[in-house]
file structure.cif (mmCIF, C-alpha atoms)
data_data
#
loop_
_atom_site.label_atom_id
_atom_site.label_comp_id
_atom_site.auth_asym_id
_atom_site.auth_seq_id
_atom_site.Cartn_x
_atom_site.Cartn_y
_atom_site.Cartn_z
CA MET Y 1045 8.88 -24.74 20.28
CA PRO Y 1046 12.26 -23.21 19.29
CA PRO Y 1047 12.31 -19.55 18.25
CA THR Y 1048 12.06 -18.73 14.56
CA ALA Y 1049 13.66 -15.84 12.70
CA ARG Y 1050 10.30 -14.93 11.18
CA LYS Y 1051 8.11 -12.86 13.50
CA LEU Y 1052 4.45 -11.94 13.48
CA ASN Y 1053 3.42 -8.42 12.60
CA LEU Y 1054 0.48 -7.24 14.71
CA ASN Y 1055 -1.45 -3.97 14.47
CA LEU Y 1056 -4.21 -2.70 16.73
CA PHE Y 1057 -7.11 -1.66 14.49
CA ILE Y 1058 -9.01 0.96 16.48
CA TYR Y 1059 -12.72 1.61 15.92
CA PRO Y 1060 -14.37 4.16 18.25
CA GLY Y 1061 -16.07 1.62 20.53
CA GLY Y 1062 -14.80 -1.66 19.18
CA HIS Y 1063 -15.42 -3.79 16.11
CA HIS Y 1064 -18.63 -5.55 17.02
CA GLU Y 1065 -21.50 -3.46 15.67
CA ALA Y 1066 -23.16 -3.44 19.12
CA ALA Y 1067 -19.93 -2.77 21.05
CA TRP Y 1068 -21.08 0.67 22.17
CA ARG Y 1069 -24.00 -0.94 24.02
CA TYR Y 1070 -21.86 -3.46 25.90
CA LYS Y 1071 -21.55 -2.81 29.65
CA ASP Y 1072 -17.73 -2.63 29.64
CA SER Y 1073 -17.40 -0.30 26.64
CA GLN Y 1074 -16.77 3.43 26.98
CA PRO Y 1075 -18.88 5.04 24.22
CA GLY Y 1076 -18.89 8.39 25.99
CA ARG Y 1077 -15.18 8.73 25.24
CA ALA Y 1078 -15.49 8.28 21.46
CA LEU Y 1079 -14.52 11.93 20.91
CA ASP Y 1080 -11.93 12.04 23.70
CA ILE Y 1081 -8.39 11.97 22.28
CA THR Y 1082 -6.96 10.78 25.59
CA PHE Y 1083 -8.97 7.57 25.16
CA TYR Y 1084 -7.16 6.84 21.91
CA GLN Y 1085 -3.79 8.00 23.19
CA GLN Y 1086 -4.12 5.58 26.10
CA LEU Y 1087 -5.05 2.73 23.74
CA ALA Y 1088 -2.02 3.50 21.56
CA GLN Y 1089 0.21 3.62 24.63
CA ARG Y 1090 -1.09 0.19 25.68
CA ALA Y 1091 -0.41 -1.16 22.18
CA GLU Y 1092 3.07 0.35 22.28
CA ALA Y 1093 3.76 -1.19 25.70
CA ALA Y 1094 2.73 -4.53 24.14
CA LYS Y 1095 5.27 -3.89 21.31
CA LEU Y 1096 2.71 -4.01 18.50
CA ASP Y 1097 3.83 -2.76 15.11
CA ALA Y 1098 1.21 -0.07 14.61
CA VAL Y 1099 -2.17 1.38 15.38
CA PHE Y 1100 -4.47 1.34 12.36
CA PHE Y 1101 -7.23 3.90 11.86
CA ALA Y 1102 -9.90 3.63 9.16
CA ASP Y 1103 -11.78 6.43 7.41
CA GLY Y 1104 -14.43 7.18 4.83
CA PRO Y 1105 -15.47 10.56 3.41
CA ALA Y 1106 -19.22 10.23 4.03
CA LEU Y 1107 -21.55 9.74 6.98
CA ALA Y 1108 -22.89 6.20 7.15
CA ASP Y 1109 -26.67 6.07 6.92
CA ASN Y 1110 -26.83 3.78 9.97
CA ILE Y 1111 -25.49 6.26 12.52
CA ARG Y 1112 -28.81 5.97 14.39
CA PHE Y 1113 -27.76 2.56 15.72
CA ALA Y 1114 -23.95 2.52 15.96
CA SER Y 1115 -20.89 4.65 16.73
CA ARG Y 1116 -19.73 4.88 13.14
CA PHE Y 1117 -18.85 8.55 12.69
CA ARG Y 1118 -15.35 9.31 11.44
CA LEU Y 1119 -12.58 11.33 13.03
CA GLU Y 1120 -10.12 12.62 10.42
CA PRO Y 1121 -7.11 10.24 10.51
CA LEU Y 1122 -4.19 12.65 9.99
CA THR Y 1123 -5.39 14.87 12.82
CA TRP Y 1124 -6.00 11.81 14.99
CA LEU Y 1125 -2.61 10.24 14.22
CA SER Y 1126 -0.77 13.49 14.93
CA ALA Y 1127 -2.22 13.46 18.43
CA ILE Y 1128 -1.23 9.80 18.81
CA ALA Y 1129 2.30 10.61 17.63
CA ALA Y 1130 2.66 13.17 20.41
CA ALA Y 1131 1.74 10.58 23.05
CA THR Y 1132 3.92 7.69 21.81
CA THR Y 1133 7.49 7.12 20.65
CA ARG Y 1134 7.80 3.82 18.76
CA ILE Y 1135 4.49 2.42 17.53
CA GLY Y 1136 3.61 2.85 13.85
CA LEU Y 1137 0.79 5.15 12.75
CA ILE Y 1138 -1.35 3.88 9.85
CA GLY Y 1139 -4.24 5.98 8.56
CA THR Y 1140 -6.67 5.68 5.67
CA ALA Y 1141 -6.92 8.23 2.87
CA SER Y 1142 -8.77 7.92 -0.42
CA THR Y 1143 -7.18 8.32 -3.83
CA THR Y 1144 -10.62 9.12 -5.23
CA TYR Y 1145 -11.55 11.98 -2.90
CA THR Y 1146 -8.22 13.67 -2.11
CA GLU Y 1147 -5.55 15.41 -4.19
CA PRO Y 1148 -2.01 13.96 -4.33
CA TYR Y 1149 -0.05 17.10 -3.44
CA ASN Y 1150 -2.08 17.74 -0.28
CA LEU Y 1151 -1.88 14.13 0.81
CA ALA Y 1152 1.87 13.94 0.11
CA ARG Y 1153 2.43 16.96 2.37
CA GLN Y 1154 0.22 15.59 5.16
CA PHE Y 1155 1.78 12.14 5.34
CA ALA Y 1156 5.33 13.46 4.91
CA SER Y 1157 4.67 15.85 7.78
CA LEU Y 1158 3.39 12.98 9.94
CA ASP Y 1159 6.45 10.92 9.07
CA HIS Y 1160 8.80 13.76 10.02
CA LEU Y 1161 7.02 14.69 13.23
CA SER Y 1162 6.75 11.07 14.41
CA GLY Y 1163 10.34 10.14 13.59
CA GLY Y 1164 9.44 7.81 10.75
CA ARG Y 1165 6.30 5.99 11.90
CA ALA Y 1166 3.75 6.86 9.21
CA GLY Y 1167 1.82 4.40 7.04
CA TRP Y 1168 -0.81 5.22 4.42
CA ASN Y 1169 -3.76 2.83 4.03
CA ILE Y 1170 -4.59 3.37 0.36
CA VAL Y 1171 -8.26 3.04 -0.55
CA THR Y 1172 -10.28 4.01 -3.61
CA THR Y 1173 -13.54 4.41 -1.59
CA SER Y 1174 -16.47 2.15 -2.35
CA ALA Y 1175 -19.15 4.32 -0.70
CA ALA Y 1176 -21.23 6.05 -3.37
CA ALA Y 1177 -22.50 8.51 -0.75
CA ALA Y 1178 -19.10 10.24 -0.88
CA ALA Y 1179 -19.60 11.58 -4.42
CA PRO Y 1180 -22.02 14.48 -3.68
CA ASN Y 1181 -19.75 15.65 -0.86
CA PHE Y 1182 -17.17 16.49 -3.52
CA GLY Y 1183 -19.44 18.01 -6.15
CA LEU Y 1184 -19.86 14.82 -8.18
CA SER Y 1185 -23.20 13.59 -9.44
CA ASP Y 1186 -21.96 10.01 -9.79
CA HIS Y 1187 -19.51 7.88 -7.86
CA PRO Y 1188 -16.72 6.70 -10.21
CA VAL Y 1189 -16.98 3.03 -11.17
CA HIS Y 1190 -14.53 0.48 -9.77
CA ALA Y 1191 -12.18 0.36 -12.80
CA ASP Y 1192 -11.99 4.16 -13.06
CA ARG Y 1193 -11.19 4.48 -9.36
CA TYR Y 1194 -8.25 2.12 -9.75
CA ASP Y 1195 -7.05 3.87 -12.90
CA ARG Y 1196 -6.92 7.13 -10.93
CA ALA Y 1197 -5.27 5.34 -8.00
CA ARG Y 1198 -2.40 4.06 -10.12
CA GLU Y 1199 -1.61 7.55 -11.40
CA TYR Y 1200 -2.08 8.96 -7.90
CA LEU Y 1201 0.59 6.58 -6.54
CA ASP Y 1202 2.94 7.61 -9.33
CA VAL Y 1203 2.50 11.29 -8.42
CA VAL Y 1204 2.89 10.99 -4.64
CA SER Y 1205 5.85 8.64 -4.98
CA LYS Y 1206 7.67 11.20 -7.12
CA LEU Y 1207 6.72 14.01 -4.75
CA TRP Y 1208 8.08 12.10 -1.75
CA ASP Y 1209 11.30 11.53 -3.72
CA SER Y 1210 11.58 15.09 -5.02
CA TRP Y 1211 14.13 16.02 -2.37
CA GLU Y 1212 17.23 13.85 -2.38
CA ASP Y 1213 18.29 12.58 1.03
CA ASP Y 1214 21.20 15.04 1.32
CA ALA Y 1215 19.42 18.05 -0.17
CA LEU Y 1216 18.91 19.58 3.28
CA VAL Y 1217 22.31 20.98 4.36
CA VAL Y 1218 21.64 23.45 7.23
CA ASP Y 1219 25.21 24.79 7.29
CA PRO Y 1220 25.36 28.14 9.15
CA GLU Y 1221 29.02 28.71 8.23
CA SER Y 1222 28.51 28.54 4.46
CA GLY Y 1223 25.04 30.02 4.64
CA ILE Y 1224 23.66 27.09 2.62
CA PHE Y 1225 20.37 25.77 3.97
CA ALA Y 1226 19.51 23.39 1.10
CA GLU Y 1227 21.15 22.26 -2.15
CA THR Y 1228 18.66 23.37 -4.77
CA ASP Y 1229 20.20 21.17 -7.46
CA LYS Y 1230 19.09 18.19 -5.33
CA ILE Y 1231 15.46 19.32 -5.19
CA HIS Y 1232 13.55 18.29 -8.30
CA THR Y 1233 10.31 19.23 -9.99
CA ILE Y 1234 8.30 16.20 -11.02
CA ASP Y 1235 6.48 17.83 -13.97
CA HIS Y 1236 3.80 15.18 -14.01
CA VAL Y 1237 1.14 15.43 -16.72
CA GLY Y 1238 -1.33 12.56 -16.92
CA ARG Y 1239 -4.95 11.66 -17.48
CA HIS Y 1240 -6.06 12.64 -13.97
CA PHE Y 1241 -3.38 14.96 -12.61
CA LYS Y 1242 -1.03 17.74 -13.59
CA VAL Y 1243 1.47 18.38 -10.79
CA ALA Y 1244 4.69 20.37 -11.04
CA GLY Y 1245 6.33 19.74 -7.66
CA PRO Y 1246 8.62 19.58 -5.84
CA LEU Y 1247 7.16 18.89 -2.42
CA ASN Y 1248 7.66 21.82 -0.06
CA LEU Y 1249 9.44 19.85 2.67
CA PRO Y 1250 12.42 17.45 2.72
CA ARG Y 1251 12.40 13.71 2.21
CA SER Y 1252 11.00 12.04 5.30
CA PRO Y 1253 12.76 9.62 7.67
CA GLN Y 1254 11.33 6.53 5.96
CA GLY Y 1255 11.87 7.94 2.48
CA ARG Y 1256 8.14 7.67 2.13
CA PRO Y 1257 5.36 6.33 4.38
CA VAL Y 1258 4.69 2.59 4.29
CA TYR Y 1259 2.16 1.75 1.58
CA VAL Y 1260 -0.74 -0.23 3.05
CA GLN Y 1261 -3.65 -1.44 0.91
CA ALA Y 1262 -7.01 -2.95 1.77
CA GLY Y 1263 -8.74 -4.08 -1.45
CA SER Y 1264 -8.91 -7.76 -2.41
CA SER Y 1265 -10.84 -7.66 -5.69
CA ASP Y 1266 -8.95 -8.81 -8.79
CA GLU Y 1267 -8.06 -5.20 -9.55
CA GLY Y 1268 -7.19 -4.61 -5.90
CA ARG Y 1269 -4.86 -7.61 -5.87
CA SER Y 1270 -3.07 -6.42 -8.98
CA PHE Y 1271 -2.69 -2.96 -7.46
CA ALA Y 1272 -1.42 -4.42 -4.18
CA ALA Y 1273 1.10 -6.69 -5.85
CA ARG Y 1274 2.60 -3.66 -7.61
CA TYR Y 1275 2.55 -1.07 -4.82
CA ALA Y 1276 1.61 -2.38 -1.37
CA GLU Y 1277 4.06 -3.11 1.42
CA ALA Y 1278 1.35 -4.35 3.77
CA ILE Y 1279 -2.12 -5.63 2.89
CA PHE Y 1280 -5.16 -5.64 5.17
CA THR Y 1281 -7.52 -8.38 4.03
CA ALA Y 1282 -10.56 -10.37 5.18
CA HIS Y 1283 -10.87 -14.16 5.08
CA GLN Y 1284 -13.16 -16.63 6.80
CA THR Y 1285 -11.20 -19.83 6.14
CA LEU Y 1286 -7.57 -20.90 6.19
CA GLU Y 1287 -7.88 -22.21 2.63
CA ASN Y 1288 -9.14 -18.88 1.24
CA ALA Y 1289 -6.43 -17.00 3.11
CA GLN Y 1290 -3.75 -19.34 1.75
CA ALA Y 1291 -4.98 -18.87 -1.82
CA PHE Y 1292 -4.94 -15.07 -1.44
CA TYR Y 1293 -1.49 -15.12 0.17
CA ALA Y 1294 -0.01 -17.29 -2.57
CA ASP Y 1295 -1.60 -15.21 -5.33
CA ILE Y 1296 -0.27 -11.89 -4.00
CA LYS Y 1297 3.23 -13.25 -3.44
CA ARG Y 1298 3.26 -14.81 -6.93
CA GLN Y 1299 2.08 -11.61 -8.62
CA ALA Y 1300 4.65 -9.54 -6.71
CA ALA Y 1301 7.49 -11.88 -7.68
CA ALA Y 1302 6.40 -11.71 -11.33
CA LEU Y 1303 6.76 -7.91 -11.11
CA GLY Y 1304 10.32 -8.25 -9.82
CA ARG Y 1305 9.46 -7.51 -6.19
CA ASN Y 1306 10.67 -9.45 -3.17
CA PRO Y 1307 7.53 -11.22 -1.86
CA ASP Y 1308 8.90 -11.01 1.68
CA HIS Y 1309 8.57 -7.22 1.44
CA ILE Y 1310 4.77 -7.47 1.29
CA LYS Y 1311 3.19 -8.21 4.67
CA ILE Y 1312 -0.24 -9.82 4.42
CA LEU Y 1313 -2.32 -9.04 7.51
CA PRO Y 1314 -5.85 -10.48 7.76
CA GLY Y 1315 -8.23 -9.09 10.33
CA ILE Y 1316 -9.00 -11.13 13.43
CA SER Y 1317 -11.57 -10.24 16.11
CA PRO Y 1318 -11.09 -12.39 19.24
CA PHE Y 1319 -13.66 -13.07 21.95
CA ILE Y 1320 -11.52 -14.41 24.78
CA GLY Y 1321 -12.71 -16.41 27.79
CA GLY Y 1322 -11.31 -18.69 30.47
CA THR Y 1323 -13.02 -21.58 28.67
CA GLU Y 1324 -14.34 -21.93 25.13
CA ALA Y 1325 -17.90 -21.96 26.48
CA GLU Y 1326 -17.26 -18.71 28.36
CA ALA Y 1327 -15.87 -17.08 25.21
CA LYS Y 1328 -18.87 -18.17 23.16
CA ARG Y 1329 -21.23 -16.82 25.82
CA LEU Y 1330 -19.40 -13.48 25.59
CA GLU Y 1331 -19.86 -13.46 21.83
CA GLN Y 1332 -23.55 -14.27 22.24
CA ASP Y 1333 -23.90 -11.46 24.77
CA PHE Y 1334 -22.79 -9.08 22.04
CA ASN Y 1335 -25.01 -10.67 19.40
CA ASN Y 1336 -27.98 -10.28 21.74
CA LEU Y 1337 -27.44 -6.51 21.51
CA ILE Y 1338 -27.68 -6.44 17.72
CA GLN Y 1339 -30.37 -4.19 16.24
CA PRO Y 1340 -31.55 -5.94 13.05
CA GLU Y 1341 -32.33 -2.69 11.23
CA TYR Y 1342 -28.66 -1.74 11.50
CA SER Y 1343 -27.45 -5.24 10.61
CA LEU Y 1344 -29.62 -5.45 7.51
CA GLY Y 1345 -28.35 -2.06 6.41
CA GLN Y 1346 -24.79 -3.32 6.71
CA LEU Y 1347 -25.69 -6.39 4.68
CA ARG Y 1348 -27.35 -4.25 2.01
CA ARG Y 1349 -24.19 -2.17 1.61
CA MET Y 1350 -22.09 -5.31 1.27
CA ILE Y 1351 -24.18 -7.27 -1.23
CA GLY Y 1352 -26.73 -4.82 -2.62
CA ILE Y 1353 -30.04 -6.39 -1.56
CA ASP Y 1354 -32.58 -5.19 1.01
CA LEU Y 1355 -33.89 -7.99 3.23
CA SER Y 1356 -35.77 -5.80 5.70
CA GLY Y 1357 -39.11 -7.45 4.86
CA HIS Y 1358 -37.89 -11.02 5.15
CA ASP Y 1359 -38.20 -13.49 8.01
CA LEU Y 1360 -34.90 -13.29 9.90
CA ASP Y 1361 -35.14 -16.96 10.81
CA GLY Y 1362 -35.83 -18.03 7.24
CA PRO Y 1363 -33.14 -19.16 4.80
CA PHE Y 1364 -30.99 -16.53 3.15
CA PRO Y 1365 -32.48 -15.88 -0.35
CA ARG Y 1366 -29.36 -16.62 -2.38
CA HIS Y 1367 -31.24 -16.25 -5.68
CA LEU Y 1368 -31.68 -12.49 -5.10
CA VAL Y 1369 -27.94 -11.77 -5.16
CA ARG Y 1370 -26.73 -10.22 -8.44
CA THR Y 1371 -23.10 -11.19 -8.95
CA GLU Y 1372 -22.89 -9.12 -12.14
CA SER Y 1373 -23.49 -5.84 -10.29
CA GLU Y 1374 -20.82 -3.23 -9.56
CA LEU Y 1375 -20.68 -4.60 -6.00
CA GLY Y 1376 -19.95 -8.06 -7.40
CA VAL Y 1377 -16.26 -7.25 -7.91
CA ALA Y 1378 -15.80 -6.07 -4.31
CA SER Y 1379 -13.83 -8.29 -1.93
CA ARG Y 1380 -16.34 -8.05 0.93
CA PHE Y 1381 -19.16 -9.11 -1.44
CA ARG Y 1382 -17.19 -12.30 -2.11
CA VAL Y 1383 -16.58 -12.94 1.58
CA VAL Y 1384 -20.30 -12.73 2.34
CA LEU Y 1385 -21.24 -14.92 -0.60
CA ASP Y 1386 -18.66 -17.51 0.49
CA ILE Y 1387 -20.29 -17.69 3.95
CA VAL Y 1388 -23.73 -18.09 2.36
CA ASP Y 1389 -22.63 -20.82 -0.05
CA ARG Y 1390 -20.58 -22.69 2.53
CA GLU Y 1391 -22.79 -22.49 5.62
CA LYS Y 1392 -26.32 -22.03 4.21
CA PRO Y 1393 -27.27 -19.70 7.10
CA THR Y 1394 -30.56 -18.12 7.96
CA ILE Y 1395 -30.65 -14.34 7.60
CA ARG Y 1396 -30.28 -13.96 11.37
CA GLN Y 1397 -27.29 -16.31 11.46
CA LEU Y 1398 -25.65 -14.37 8.65
CA ILE Y 1399 -26.05 -10.95 10.22
CA GLN Y 1400 -24.68 -12.34 13.49
CA ARG Y 1401 -21.66 -13.74 11.62
CA LEU Y 1402 -21.03 -10.32 10.10
CA ALA Y 1403 -21.78 -8.29 13.23
CA GLY Y 1404 -18.47 -9.10 14.89
CA ALA Y 1405 -16.12 -7.63 12.30
CA ARG Y 1406 -17.89 -6.96 8.98
CA GLY Y 1407 -16.62 -10.12 7.29
CA HIS Y 1408 -13.28 -10.47 9.05
CA GLN Y 1409 -12.56 -13.63 11.00
CA VAL Y 1410 -14.20 -13.76 14.44
CA VAL Y 1411 -12.75 -16.33 16.86
CA ALA Y 1412 -14.25 -17.18 20.25
CA GLY Y 1413 -12.04 -19.26 22.52
CA THR Y 1414 -9.45 -19.45 25.25
CA PRO Y 1415 -6.18 -17.51 24.97
CA GLU Y 1416 -4.53 -20.78 23.90
CA GLN Y 1417 -7.10 -21.32 21.15
CA ILE Y 1418 -6.69 -17.75 19.87
CA ALA Y 1419 -2.90 -18.16 19.84
CA ASN Y 1420 -3.28 -21.51 18.04
CA THR Y 1421 -5.40 -19.93 15.31
CA ILE Y 1422 -2.90 -17.11 14.83
CA GLN Y 1423 0.03 -19.52 14.65
CA LEU Y 1424 -1.80 -21.91 12.32
CA TRP Y 1425 -2.32 -19.15 9.76
CA PHE Y 1426 1.18 -17.74 10.30
CA ASP Y 1427 2.93 -21.10 9.88
CA ASN Y 1428 0.87 -22.30 6.92
CA GLY Y 1429 1.16 -19.61 4.27
CA ALA Y 1430 -1.98 -17.64 5.14
CA ALA Y 1431 -0.67 -14.58 7.00
CA ASP Y 1432 2.46 -12.65 7.94
CA GLY Y 1433 0.57 -11.24 10.90
CA PHE Y 1434 -2.82 -9.77 11.75
CA ASN Y 1435 -4.76 -6.61 12.27
CA VAL Y 1436 -6.20 -7.24 15.73
CA MET Y 1437 -9.81 -6.02 15.88
CA PRO Y 1438 -11.04 -6.17 19.50
CA PRO Y 1439 -14.82 -6.61 19.77
CA TYR Y 1440 -14.93 -3.81 22.36
CA LEU Y 1441 -12.46 -1.29 23.74
CA PRO Y 1442 -10.45 -0.99 25.85
CA GLY Y 1443 -11.10 -4.34 27.56
CA GLY Y 1444 -11.06 -6.44 24.41
CA PHE Y 1445 -7.51 -5.37 23.68
CA ASP Y 1446 -6.36 -5.51 27.29
CA VAL Y 1447 -7.21 -9.20 27.61
CA PHE Y 1448 -5.53 -9.96 24.25
CA ALA Y 1449 -2.34 -8.18 25.34
CA ALA Y 1450 -2.31 -9.78 28.80
CA GLU Y 1451 -3.25 -13.36 27.87
CA VAL Y 1452 -2.56 -14.04 24.18
CA LEU Y 1453 0.64 -12.11 23.50
CA PRO Y 1454 2.66 -13.94 26.20
CA LEU Y 1455 1.74 -17.24 24.53
CA LEU Y 1456 2.91 -15.98 21.13
CA ARG Y 1457 6.15 -14.74 22.68
CA GLY Y 1458 6.64 -18.06 24.44
CA ARG Y 1459 6.40 -19.78 21.05
CA GLY Y 1460 9.07 -17.46 19.66
CA ILE Y 1461 6.87 -15.88 17.00
CA PHE Y 1462 6.33 -12.38 18.41
CA ARG Y 1463 8.94 -9.84 19.48
CA GLU Y 1464 10.01 -9.22 23.04
CA ASP Y 1465 10.92 -5.62 22.22
CA TYR Y 1466 11.23 -3.24 19.29
CA GLU Y 1467 14.42 -3.61 17.27
CA GLY Y 1468 14.11 -0.32 15.41
CA THR Y 1469 12.43 3.05 15.55
CA THR Y 1470 10.42 3.30 12.32
CA LEU Y 1471 7.40 1.47 10.97
CA ARG Y 1472 9.63 0.12 8.20
CA ASP Y 1473 11.91 -1.30 10.89
CA HIS Y 1474 8.97 -3.00 12.60
CA PHE Y 1475 7.75 -4.55 9.33
CA GLY Y 1476 11.26 -5.50 8.18
CA LEU Y 1477 11.00 -3.29 5.09
CA LEU Y 1478 13.80 -1.49 3.31
CA ARG Y 1479 13.99 2.28 3.08
CA PRO Y 1480 13.49 3.04 -0.63
CA ASP Y 1481 16.05 5.07 -2.55
CA SER Y 1482 14.91 8.28 -4.23
CA VAL Y 1483 13.93 7.74 -7.86
CA PHE Y 1484 15.73 10.98 -8.72
CA ALA Y 1485 18.95 9.74 -7.10
CA HIS Y 1486 18.67 6.58 -9.23
CA ARG Y 1487 18.22 8.62 -12.40
CA LEU Y 1488 21.19 10.86 -11.63
CA LYS Y 1489 23.43 7.85 -10.98
CA ALA Y 1490 22.30 6.23 -14.23
CA SER Y 1491 23.09 9.37 -16.23
CA ALA Y 1492 26.49 9.94 -14.56
#

call {"tool": "encode", "arguments": {"input": "structure.cif", "output": "structure tokens"}}
result
Amino acid sequence: MPPTARKLNLNLFIYPGGHHEAAWRYKDSQPGRALDITFYQQLAQRAEAAKLDAVFFADGPALADNIRFASRFRLEPLTWLSAIAAATTRIGLIGTASTTYTEPYNLARQFASLDHLSGGRAGWNIVTTSAAAAAPNFGLSDHPVHADRYDRAREYLDVVSKLWDSWEDDALVVDPESGIFAETDKIHTIDHVGRHFKVAGPLNLPRSPQGRPVYVQAGSSDEGRSFAARYAEAIFTAHQTLENAQAFYADIKRQAAALGRNPDHIKILPGISPFIGGTEAEAKRLEQDFNNLIQPEYSLGQLRRMIGIDLSGHDLDGPFPRHLVRTESELGVASRFRVVLDIVDREKPTIRQLIQRLAGARGHQVVAGTPEQIANTIQLWFDNGAADGFNVMPPYLPGGFDVFAAEVLPLLRGRGIFREDYEGTTLRDHFGLLRPDSVFAHRLKASA
């Protein structure tokens, strides 16, 4: 197949032991290194050697109530990514932070610092936090409802964007002869007063190499799609079928174009968790080996958090009780709720079959096959309006990524759809995104 100008974007999504819920129990996993930063630095170095766009690190501001059965504690992403930055030179660094449970000035400083210290490799995965357990950790009696979280998020983005622009690009002078360190008339207060925030600014460090970190977003509800179409530069999403992925892709690109944005400047990156074997049967046996390690109490807890019903007293080999699902609940607007319901309505699984389907990657696509079959799936979605790339979610680490890098990436390169080497130094370069101009520079030009 001849090379194409359009290239896949691929991130390595790192979970402590891997993305299958029983990964930490698998014989080739390394759960004892889950708090060892060298483990993650080595993974990032392997991803960088493979020329992936970024490492992606998730977070949530509450302890999951299923920690008894899985390695699901959370290292703080900015601390983690700073250590990764020190051990790498080119790969992007994407971390999750909540607009509901952080303050914009602090977050703007943290991500701008990461962008400076990494030479322009920072990306912010913007979430509003769905976990109600976070609320009491921040002195709240109730978790804000979905619509209120997005209302705050929109204002939050307005504030941090202005903070990141508050220094013009040439405000930092550093001229020993004149004695001028910075041009203060090119450093601007933002004087933001809104419903949720009152922030004077400016930020207390210069504009970062990328202008601002890359905006990544992970919500696929109707409100999440609208938010993504307006702000996101990359979107992490979950789909089980090509048709659903195509519909999501087309909807986001259409909404972005209607807002005056270039749809090509929004990279849509579904999750994919590959079980890879020398034959399809071998790959499926590997997947089953993992599913045999599932602990149903954990799996049912995961399902309860996704769809809001407790099935712990039900026969696992009986049919899933579809009639118990309340689509009008607060959870009903969540993207993962819809993914699970789509599996139920399409496949009519037993409860056991459903929890096994979700065990691999929490609703993201799980593919078991040969390297050729994995590459075929990736290219099918890439060539048919379903994805601009993928967040690669290995079932276990490090081996699950090693086999992907060694056996699948060469096939994608041979088809001309993945890079041979980096062509730039920043995450924006890797994603083919423009460096945004400062909003204050625009205003000054308009008034001149």

call {"tool": "atom_distance", "arguments": {"input": "structure.cif", "atom1": "atom CA of Ser1205 of chain Y", "atom2": "atom CA of Gln1154 of chain Y"}}
result
13.5 Å

call {"tool": "resolve_selection", "arguments": {"input": "structure.cif", "expression": "the PyMOL selection byres ((chain Y and resi 1232) around 12)", "output": "PyMOL selection string"}}
result
chain Y and resi 1206-1213+1215+1227-1231+1233-1236+1244-1251+1482-1485+1487-1488

call {"tool": "atom_distance", "arguments": {"input": "structure.cif", "atom1": "atom CA of Leu1455 of chain Y", "atom2": "atom CA of Thr1414 of chain Y"}}
result
11.4 Å

call {"tool": "resolve_selection", "arguments": {"input": "structure.cif", "expression": "the PyMOL selection byres ((chain Y and resi 1115) around 10)", "output": "JSON list (two decimals) with C-alpha atoms, keeping the file's coordinate frame"}}
result
[["chain", "number", "residue", "atom", "x", "y", "z"],
["Y", 1059, "TYR", "CA", -12.72, 1.61, 15.92],
["Y", 1060, "PRO", "CA", -14.37, 4.16, 18.25],
["Y", 1061, "GLY", "CA", -16.07, 1.62, 20.53],
["Y", 1062, "GLY", "CA", -14.80, -1.66, 19.18],
["Y", 1065, "GLU", "CA", -21.50, -3.46, 15.67],
["Y", 1066, "ALA", "CA", -23.16, -3.44, 19.12],
["Y", 1067, "ALA", "CA", -19.93, -2.77, 21.05],
["Y", 1068, "TRP", "CA", -21.08, 0.67, 22.17],
["Y", 1069, "ARG", "CA", -24.00, -0.94, 24.02],
["Y", 1075, "PRO", "CA", -18.88, 5.04, 24.22],
["Y", 1078, "ALA", "CA", -15.49, 8.28, 21.46],
["Y", 1108, "ALA", "CA", -22.89, 6.20, 7.15],
["Y", 1110, "ASN", "CA", -26.83, 3.78, 9.97],
["Y", 1111, "ILE", "CA", -25.49, 6.26, 12.52],
["Y", 1112, "ARG", "CA", -28.81, 5.97, 14.39],
["Y", 1113, "PHE", "CA", -27.76, 2.56, 15.72],
["Y", 1114, "ALA", "CA", -23.95, 2.52, 15.96],
["Y", 1116, "ARG", "CA", -19.73, 4.88, 13.14],
["Y", 1117, "PHE", "CA", -18.85, 8.55, 12.69],
["Y", 1118, "ARG", "CA", -15.35, 9.31, 11.44]]

call {"tool": "resolve_selection", "arguments": {"input": "structure.cif", "expression": "the PyMOL selection byres ((chain Y and resi 1341) around 10)", "output": "NGL selection string"}}
result
:Y and (1110 or 1112-1113 or 1338-1340 or 1342-1346 or 1355-1356)

call {"tool": "residues_near_point", "arguments": {"input": "structure.cif", "point": "(-7.7, -4.5, -4.1)", "cutoff": "10 Å", "atoms": "only C-alpha atoms", "output": "ChimeraX atom specification"}}
result
/Y:1170-1172,1194,1261-1273,1276,1279-1281,1377-1379

call {"tool": "atom_distance", "arguments": {"input": "structure.cif", "atom1": "atom CA of His1240 of chain Y", "atom2": "atom CA of Asp1103 of chain Y"}}
result
23.0 Å

call {"tool": "residues_around", "arguments": {"input": "structure.cif", "residues": "Leu1368 of chain Y", "least_positions_apart": "2", "cutoff": "10 Å", "atoms": "all atoms listed in the file", "output": "VMD selection string"}}
result
chain Y and resid 1351 to 1355 1364 to 1366 1370 to 1371

call {"tool": "closest_residue", "arguments": {"input": "structure.cif", "among": "Y:Tyr1275, Y:Tyr1145, Y:Phe1426, Y:Tyr1440", "to": "Leu1313 of chain Y", "atoms": "only C-alpha atoms"}}
result
Y:Phe1426

call {"tool": "closest_residue", "arguments": {"input": "structure.cif", "among": "Y:Arg1406, Y:His1474, Y:Arg1459, Y:Arg1165", "to": "His1063 of chain Y", "atoms": "all atoms listed in the file"}}
result
Y:Arg1406
